[in-house]
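Pasting work18.cif here (mmCIF, C-alpha atoms):
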data_upload
loop_
_atom_site.group_PDB
_atom_site.id
_atom_site.type_symbol
_atom_site.label_atom_id
_atom_site.label_comp_id
_atom_site.auth_asym_id
_atom_site.auth_seq_id
_atom_site.Cartn_x
_atom_site.Cartn_y
_atom_site.Cartn_z
ATOM 1 C CA MET F 1 -95.915 -14.385 -76.410
ATOM 2 C CA GLY F 2 -97.434 -16.204 -73.580
ATOM 3 C CA PRO F 3 -96.879 -16.086 -69.785
ATOM 4 C CA THR F 4 -93.647 -17.392 -68.123
ATOM 5 C CA GLY F 5 -93.910 -20.810 -66.633
ATOM 6 C CA LEU F 6 -93.065 -21.916 -63.079
ATOM 7 C CA THR F 7 -89.432 -22.099 -61.925
ATOM 8 C CA GLY F 8 -88.154 -25.605 -61.928
ATOM 9 C CA PRO F 9 -86.199 -27.332 -59.143
ATOM 10 C CA ASP F 10 -82.444 -26.423 -58.573
ATOM 11 C CA GLY F 11 -80.041 -28.447 -60.530
ATOM 12 C CA ALA F 12 -77.102 -30.445 -59.112
ATOM 13 C CA THR F 13 -74.001 -28.423 -57.936
ATOM 14 C CA GLY F 14 -71.335 -28.283 -60.538
ATOM 15 C CA PRO F 15 -67.647 -29.016 -60.005
ATOM 16 C CA ALA F 16 -65.496 -26.416 -58.064
ATOM 17 C CA GLY F 17 -63.817 -23.815 -60.150
ATOM 18 C CA PRO F 18 -60.071 -23.132 -60.121
ATOM 19 C CA ALA F 19 -58.524 -21.198 -57.112
ATOM 20 C CA GLY F 20 -58.327 -17.477 -57.510
ATOM 21 C CA PRO F 21 -55.084 -15.454 -57.278
ATOM 22 C CA VAL F 22 -53.437 -14.789 -53.781
ATOM 23 C CA GLY F 23 -54.671 -11.589 -52.208
ATOM 24 C CA PRO F 24 -52.464 -8.723 -50.937
ATOM 25 C CA LYS F 25 -50.521 -9.076 -47.579
ATOM 26 C CA GLY F 26 -52.485 -7.928 -44.559
ATOM 27 C CA ALA F 27 -51.258 -5.379 -41.957
ATOM 28 C CA THR F 28 -48.706 -6.561 -39.241
ATOM 29 C CA GLY F 29 -50.320 -7.353 -35.926
ATOM 30 C CA ALA F 30 -49.402 -5.757 -32.560
ATOM 31 C CA THR F 31 -46.171 -6.944 -30.736
ATOM 32 C CA GLY F 32 -46.799 -9.602 -28.135
ATOM 33 C CA ALA F 33 -45.812 -9.346 -24.440
ATOM 34 C CA THR F 34 -42.080 -9.806 -23.452
ATOM 35 C CA GLY F 35 -41.288 -13.272 -22.184
ATOM 36 C CA PRO F 36 -39.511 -14.019 -18.862
ATOM 37 C CA GLN F 37 -35.697 -13.486 -18.603
ATOM 38 C CA GLY F 38 -33.636 -16.549 -19.321
ATOM 39 C CA ALA F 39 -31.130 -18.116 -16.918
ATOM 40 C CA THR F 40 -27.617 -16.577 -16.537
ATOM 41 C CA GLY F 41 -25.083 -18.174 -18.823
ATOM 42 C CA ALA F 42 -21.866 -19.903 -17.716
ATOM 43 C CA LYS F 43 -18.866 -17.749 -16.679
ATOM 44 C CA GLY F 44 -16.468 -17.085 -19.519
ATOM 45 C CA ALA F 45 -12.767 -17.922 -19.457
ATOM 46 C CA THR F 46 -10.380 -15.559 -17.632
ATOM 47 C CA GLY F 47 -8.531 -13.256 -19.961
ATOM 48 C CA ALA F 48 -4.774 -13.191 -20.390
ATOM 49 C CA THR F 49 -2.635 -11.252 -17.881
ATOM 50 C CA GLY F 50 -1.802 -7.764 -19.042
ATOM 51 C CA ALA F 51 1.709 -6.568 -19.791
ATOM 52 C CA THR F 52 3.949 -5.498 -16.912
ATOM 53 C CA GLY F 53 3.995 -1.746 -16.426
ATOM 54 C CA ALA F 54 7.076 0.396 -16.707
ATOM 55 C CA GLN F 55 9.417 0.541 -13.707
ATOM 56 C CA GLY F 56 9.030 3.603 -11.556
ATOM 57 C CA PRO F 57 11.784 6.146 -11.108
ATOM 58 C CA ALA F 58 14.717 5.307 -8.854
ATOM 59 C CA GLY F 59 14.478 6.687 -5.352
ATOM 60 C CA PRO F 60 17.191 8.631 -3.580
ATOM 61 C CA SER F 61 20.303 6.676 -2.709
ATOM 62 C CA GLY F 62 20.697 5.266 0.773
ATOM 63 C CA SER F 63 18.263 3.481 3.013
ATOM 64 C CA THR F 64 17.144 6.560 4.950
ATOM 65 C CA VAL F 65 16.387 9.956 3.455
ATOM 66 C CA GLY F 66 16.227 13.077 5.592
ATOM 67 C CA TYR F 67 14.349 16.249 4.683
ATOM 68 C CA THR F 68 14.369 19.813 5.928
ATOM 69 C CA GLN F 69 11.161 21.482 7.105
ATOM 70 C CA THR F 70 10.603 22.810 3.567
ATOM 71 C CA GLY F 71 11.082 19.383 1.935
ATOM 72 C CA ALA F 72 14.646 19.746 0.670
ATOM 73 C CA THR F 73 16.755 16.577 0.869
ATOM 74 C CA ILE F 74 19.514 16.641 3.497
ATOM 75 C CA THR F 75 22.713 15.510 1.772
ATOM 76 C CA GLY F 76 24.427 12.626 3.556
ATOM 77 C CA PHE F 77 21.592 12.045 6.028
ATOM 78 C CA HIS F 78 21.566 8.565 7.561
ATOM 79 C CA GLY F 79 20.544 6.638 10.632
ATOM 80 C CA VAL F 80 22.365 4.164 12.871
ATOM 81 C CA SER F 81 20.720 1.628 15.174
ATOM 82 C CA LEU F 82 22.529 -0.414 17.828
ATOM 83 C CA THR F 83 22.034 -2.331 21.051
ATOM 84 C CA ALA F 84 24.404 -1.713 23.941
ATOM 85 C CA THR F 85 24.682 -3.614 27.235
ATOM 86 C CA ALA F 86 27.295 -1.880 29.383
ATOM 87 C CA ALA F 87 26.363 1.430 30.998
ATOM 88 C CA ASN F 88 28.570 4.510 30.687
ATOM 89 C CA THR F 89 30.353 3.072 27.669
ATOM 90 C CA ALA F 90 31.960 4.802 24.694
ATOM 91 C CA VAL F 91 30.548 3.708 21.349
ATOM 92 C CA LYS F 92 32.706 3.862 18.208
ATOM 93 C CA LEU F 93 31.036 4.095 14.802
ATOM 94 C CA THR F 94 32.830 2.855 11.677
ATOM 95 C CA GLY F 95 32.345 2.823 7.916
ATOM 96 C CA ALA F 96 29.106 4.276 6.573
ATOM 97 C CA ALA F 97 27.810 4.755 10.146
ATOM 98 C CA VAL F 98 30.226 7.668 10.796
ATOM 99 C CA PHE F 99 28.694 11.180 10.918
ATOM 100 C CA ALA F 100 30.368 14.402 9.720
ATOM 101 C CA SER F 101 31.105 15.817 13.189
ATOM 102 C CA ALA F 102 30.085 15.696 16.855
ATOM 103 C CA THR F 103 27.424 18.345 16.167
ATOM 104 C CA SER F 104 25.936 16.829 12.984
ATOM 105 C CA TYR F 105 23.911 14.061 14.651
ATOM 106 C CA VAL F 106 21.771 13.236 17.667
ATOM 107 C CA CYS F 107 21.126 9.948 19.448
ATOM 108 C CA TYR F 108 18.098 8.660 21.335
ATOM 109 C CA GLY F 109 18.202 5.751 23.745
ATOM 110 C CA SER F 110 15.856 3.626 25.805
ATOM 111 C CA ASP F 111 16.595 1.116 28.564
ATOM 112 C CA VAL F 112 14.663 -1.962 27.424
ATOM 113 C CA THR F 113 15.637 -4.295 30.272
ATOM 114 C CA ALA F 114 12.557 -5.842 31.918
ATOM 115 C CA LYS F 115 11.634 -4.096 35.202
ATOM 116 C CA HIS F 116 14.295 -1.434 34.534
ATOM 117 C CA THR F 117 12.467 0.676 31.958
ATOM 118 C CA GLY F 118 12.410 4.298 32.917
ATOM 119 C CA ALA F 119 16.147 4.781 33.360
ATOM 120 C CA LEU F 120 17.345 8.042 31.848
ATOM 121 C CA VAL F 121 19.774 7.697 28.911
ATOM 122 C CA THR F 122 21.980 10.709 28.118
ATOM 123 C CA PHE F 123 24.653 11.158 25.454
ATOM 124 C CA THR F 124 27.975 12.961 25.154
ATOM 125 C CA TYR F 125 29.264 13.414 21.582
ATOM 126 C CA THR F 126 33.048 13.220 21.155
ATOM 127 C CA SER F 127 33.236 13.197 17.332
ATOM 128 C CA GLY F 128 31.304 12.063 14.270
ATOM 129 C CA SER F 129 32.503 8.536 14.964
ATOM 130 C CA GLN F 130 32.295 8.326 18.761
ATOM 131 C CA PHE F 131 29.868 9.077 21.586
ATOM 132 C CA GLN F 132 29.266 7.900 25.133
ATOM 133 C CA TYR F 133 25.930 7.104 26.750
ATOM 134 C CA THR F 134 25.167 7.200 30.469
ATOM 135 C CA LEU F 135 22.296 5.606 32.419
ATOM 136 C CA SER F 136 20.886 7.332 35.472
ATOM 137 C CA GLY F 137 17.795 7.258 37.640
ATOM 138 C CA SER F 138 16.444 4.766 40.142
ATOM 139 C CA LYS F 139 15.727 1.913 37.711
ATOM 140 C CA PHE F 140 18.988 0.933 36.100
ATOM 141 C CA ALA F 141 21.842 -1.478 36.519
ATOM 142 C CA GLY F 142 25.237 -1.440 34.859
ATOM 143 C CA THR F 143 24.304 -4.368 32.610
ATOM 144 C CA ASP F 144 20.970 -3.076 31.306
ATOM 145 C CA THR F 145 20.228 -3.398 27.589
ATOM 146 C CA VAL F 146 19.866 -0.060 25.809
ATOM 147 C CA GLN F 147 18.451 0.398 22.306
ATOM 148 C CA ILE F 148 20.118 3.396 20.625
ATOM 149 C CA VAL F 149 19.200 5.173 17.376
ATOM 150 C CA CYS F 150 21.321 8.032 15.997
ATOM 151 C CA GLN F 151 20.486 10.196 12.989
ATOM 152 C CA GLY F 152 22.112 13.058 11.202
ATOM 153 C CA HIS F 153 24.636 13.673 8.436
#
Do you think you could lay out the structure here as structure tokens?
Amino acid sequence: MGPTGLTGPDGATGPAGPAGPVGPKGATGATGATGPQGATGAKGATGATGATGAQGPAGPSGSTVGYTQTGATITGFHGVSLTATAANTAVKLTGAAVFASATSYVCYGSDVTAKHTGALVTFTYTSGSQFQYTLSGSKFAGTDTVQIVCQGH
């Protein structure tokens, strides 16, 4: 056999072949940076009113409750408030205002007449339904207004 001849020029490119099969899925990339916070949403509707709670226990009867030093309730304790305008006058209590006896209550009084405050108010207890108050001192007149509060049982 003889020697190989020279290589000839390249031929024209042939048509493209068919596409090959899809390759395997690649690895997941790193997570991107967090974006800025969005605007606050609109306020939601107000919820329904809740059910009414149970009623609390009933308190002691009467409008004023008296207690001993140890916290025991004083049976029949009550208070009376009145305004009087004639000095050295007997006061008669009636109905629920009456106390048990002359020694079961005490009264406090104050002359509330303008420019007459400071008069001394004293009390004499006749019974559970009657007492007398007296004004004395340098700043009183027979027509002064006196606020009186009595308390006891």
* To do: Have a look at F:Gln147, F:Ser129, F:Thr134, F:Thr83 and name the one nearest to Ser110 in chain F; count all atoms listed in the file.
  => F:Gln147
* When distances are computed from all atoms listed in the file, which of F:Thr4, F:Thr34, F:Ser136, F:Ser81 shows the smallest separation from Leu120 in chain F? ->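 Residue with the minimum atom-to-atom distance to Leu120 in chain F: F:Ser136.
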* When you draw a straight line from CA of Tyr67 in chain F to CA of Ala102 in chain F, how long is it in Å? ->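 We find that CA of Tyr67 in chain F and CA of Ala102 in chain F lie 19.9 Å from each other.
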* **Who sits within 9 Å of Gly142 in chain F, only C-alpha atoms, same chain under 3 positions skipped, as a ChimeraX atom specification** => /F:85-88,135
* **Pairwise distance for CA of Asp111 in chain F and CA of Gln151 in chain F, rounded to one decimal in Å** =>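 One can read the CA of Asp111 in chain F to CA of Gln151 in chain F distance as 18.4 Å.
Across the structure, CA of Thr75 in chain F and CA of His153 in chain F are spaced 7.2 Å apart.
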* To do: Compare F:Cys150, F:Ala42, F:Val121, F:Ala141 by their minimum atom-to-atom distance to Ser104 in chain F, counting all atoms listed in the file, and give me the closest one.
  => F:Cys150
* Counting only C-alpha atoms, the residue of F:Gly128, F:Ala119, F:Ala72, F:Val80 that sits nearest Val149 in chain F -> F:Val80
Assuming 8 Å of padding per side, give the centre and edge lengths of the axis-aligned box around every listed atom of range 32-51 of chain F, in Å to one decimal and as JSON.
{"center_x": -22.5, "center_y": -13.2, "center_z": -22.3, "size_x": 64.5, "size_y": 29.3, "size_z": 27.6}
* To do: Give as a list in words every residue, naming chains and numbers as the document does, that has an atom within 8 Å of (25.3, 2.7, 12.2), counting all atoms listed in the file.
  => Gly79, Val80, Ser81, Leu82, Leu93, Thr94, Ala96, Ala97, Val98 and Cys150 of chain F
* To do: Step by step, work through what the PyMOL selection byres ((chain F and resi 76) around 10) selects in the shown file, and finish by giving those residues as a PyMOL selection string.
  => chain F and resi 61-62+64-66+73-75+77-78+99-100+152-153
Please fill the gaps in range 20-46 of chain F so it has N, CA and C atoms, and write that as an mmCIF file, keeping the file's coordinate frame.
data_model
loop_
_atom_site.group_PDB
_atom_site.id
_atom_site.type_symbol
_atom_site.label_atom_id
_atom_site.label_comp_id
_atom_site.auth_asym_id
_atom_site.auth_seq_id
_atom_site.Cartn_x
_atom_site.Cartn_y
_atom_site.Cartn_z
ATOM 1 N N GLY F 20 -58.604 -18.829 -57.045
ATOM 2 C CA GLY F 20 -58.327 -17.477 -57.510
ATOM 3 C C GLY F 20 -56.903 -17.062 -57.127
ATOM 4 N N PRO F 21 -56.441 -15.924 -57.600
ATOM 5 C CA PRO F 21 -55.084 -15.454 -57.278
ATOM 6 C C PRO F 21 -54.976 -15.099 -55.783
ATOM 7 N N VAL F 22 -53.680 -15.123 -55.192
ATOM 8 C CA VAL F 22 -53.437 -14.789 -53.781
ATOM 9 C C VAL F 22 -53.702 -13.318 -53.613
ATOM 10 N N GLY F 23 -54.350 -12.978 -52.486
ATOM 11 C CA GLY F 23 -54.671 -11.589 -52.208
ATOM 12 C C GLY F 23 -53.468 -10.835 -51.643
ATOM 13 N N PRO F 24 -53.577 -9.523 -51.469
ATOM 14 C CA PRO F 24 -52.464 -8.723 -50.937
ATOM 15 C C PRO F 24 -52.209 -9.066 -49.461
ATOM 16 N N LYS F 25 -50.905 -8.788 -48.960
ATOM 17 C CA LYS F 25 -50.521 -9.076 -47.579
ATOM 18 C C LYS F 25 -51.293 -8.145 -46.652
ATOM 19 N N GLY F 26 -51.748 -8.728 -45.529
ATOM 20 C CA GLY F 26 -52.485 -7.928 -44.559
ATOM 21 C C GLY F 26 -51.527 -7.137 -43.659
ATOM 22 N N ALA F 27 -52.053 -6.205 -42.866
ATOM 23 C CA ALA F 27 -51.258 -5.379 -41.957
ATOM 24 C C ALA F 27 -50.635 -6.248 -40.856
ATOM 25 N N THR F 28 -49.387 -5.838 -40.320
ATOM 26 C CA THR F 28 -48.706 -6.561 -39.241
ATOM 27 C C THR F 28 -49.479 -6.362 -37.951
ATOM 28 N N GLY F 29 -49.596 -7.428 -37.191
ATOM 29 C CA GLY F 29 -50.320 -7.353 -35.926
ATOM 30 C C GLY F 29 -49.484 -6.688 -34.827
ATOM 31 N N ALA F 30 -50.076 -6.395 -33.697
ATOM 32 C CA ALA F 30 -49.402 -5.757 -32.560
ATOM 33 C C ALA F 30 -48.347 -6.712 -31.980
ATOM 34 N N THR F 31 -47.229 -6.139 -31.353
ATOM 35 C CA THR F 31 -46.171 -6.944 -30.736
ATOM 36 C C THR F 31 -46.715 -7.620 -29.494
ATOM 37 N N GLY F 32 -46.338 -8.854 -29.299
ATOM 38 C CA GLY F 32 -46.799 -9.602 -28.135
ATOM 39 C C GLY F 32 -46.027 -9.200 -26.872
ATOM 40 N N ALA F 33 -46.451 -9.658 -25.725
ATOM 41 C CA ALA F 33 -45.812 -9.346 -24.440
ATOM 42 C C ALA F 33 -44.409 -9.968 -24.392
ATOM 43 N N THR F 34 -43.453 -9.295 -23.613
ATOM 44 C CA THR F 34 -42.080 -9.806 -23.452
ATOM 45 C C THR F 34 -42.112 -11.039 -22.572
ATOM 46 N N GLY F 35 -41.342 -12.042 -22.958
ATOM 47 C CA GLY F 35 -41.288 -13.272 -22.184
ATOM 48 C C GLY F 35 -40.384 -13.122 -20.963
ATOM 49 N N PRO F 36 -40.360 -14.101 -20.061
ATOM 50 C CA PRO F 36 -39.511 -14.019 -18.862
ATOM 51 C C PRO F 36 -38.030 -14.079 -19.237
ATOM 52 N N GLN F 37 -37.139 -13.490 -18.354
ATOM 53 C CA GLN F 37 -35.697 -13.486 -18.603
ATOM 54 C C GLN F 37 -35.161 -14.906 -18.478
ATOM 55 N N GLY F 38 -34.235 -15.223 -19.345
ATOM 56 C CA GLY F 38 -33.636 -16.549 -19.321
ATOM 57 C C GLY F 38 -32.600 -16.670 -18.211
ATOM 58 N N ALA F 39 -32.132 -17.856 -17.958
ATOM 59 C CA ALA F 39 -31.130 -18.116 -16.918
ATOM 60 C C ALA F 39 -29.782 -17.495 -17.305
ATOM 61 N N THR F 40 -28.947 -17.130 -16.294
ATOM 62 C CA THR F 40 -27.617 -16.577 -16.537
ATOM 63 C C THR F 40 -26.733 -17.643 -17.161
ATOM 64 N N GLY F 41 -25.957 -17.239 -18.137
ATOM 65 C CA GLY F 41 -25.083 -18.174 -18.823
ATOM 66 C C GLY F 41 -23.862 -18.519 -17.985
ATOM 67 N N ALA F 42 -23.079 -19.472 -18.414
ATOM 68 C CA ALA F 42 -21.866 -19.903 -17.716
ATOM 69 C C ALA F 42 -20.824 -18.795 -17.766
ATOM 70 N N LYS F 43 -19.930 -18.752 -16.746
ATOM 71 C CA LYS F 43 -18.866 -17.749 -16.679
ATOM 72 C C LYS F 43 -17.873 -18.023 -17.797
ATOM 73 N N GLY F 44 -17.438 -16.951 -18.439
ATOM 74 C CA GLY F 44 -16.468 -17.085 -19.519
ATOM 75 C C GLY F 44 -15.065 -17.316 -18.972
ATOM 76 N N ALA F 45 -14.161 -17.669 -19.830
ATOM 77 C CA ALA F 45 -12.767 -17.922 -19.457
ATOM 78 C C ALA F 45 -12.094 -16.623 -19.017
ATOM 79 N N THR F 46 -11.141 -16.721 -18.084
ATOM 80 C CA THR F 46 -10.380 -15.559 -17.632
ATOM 81 C C THR F 46 -9.459 -15.102 -18.741
#
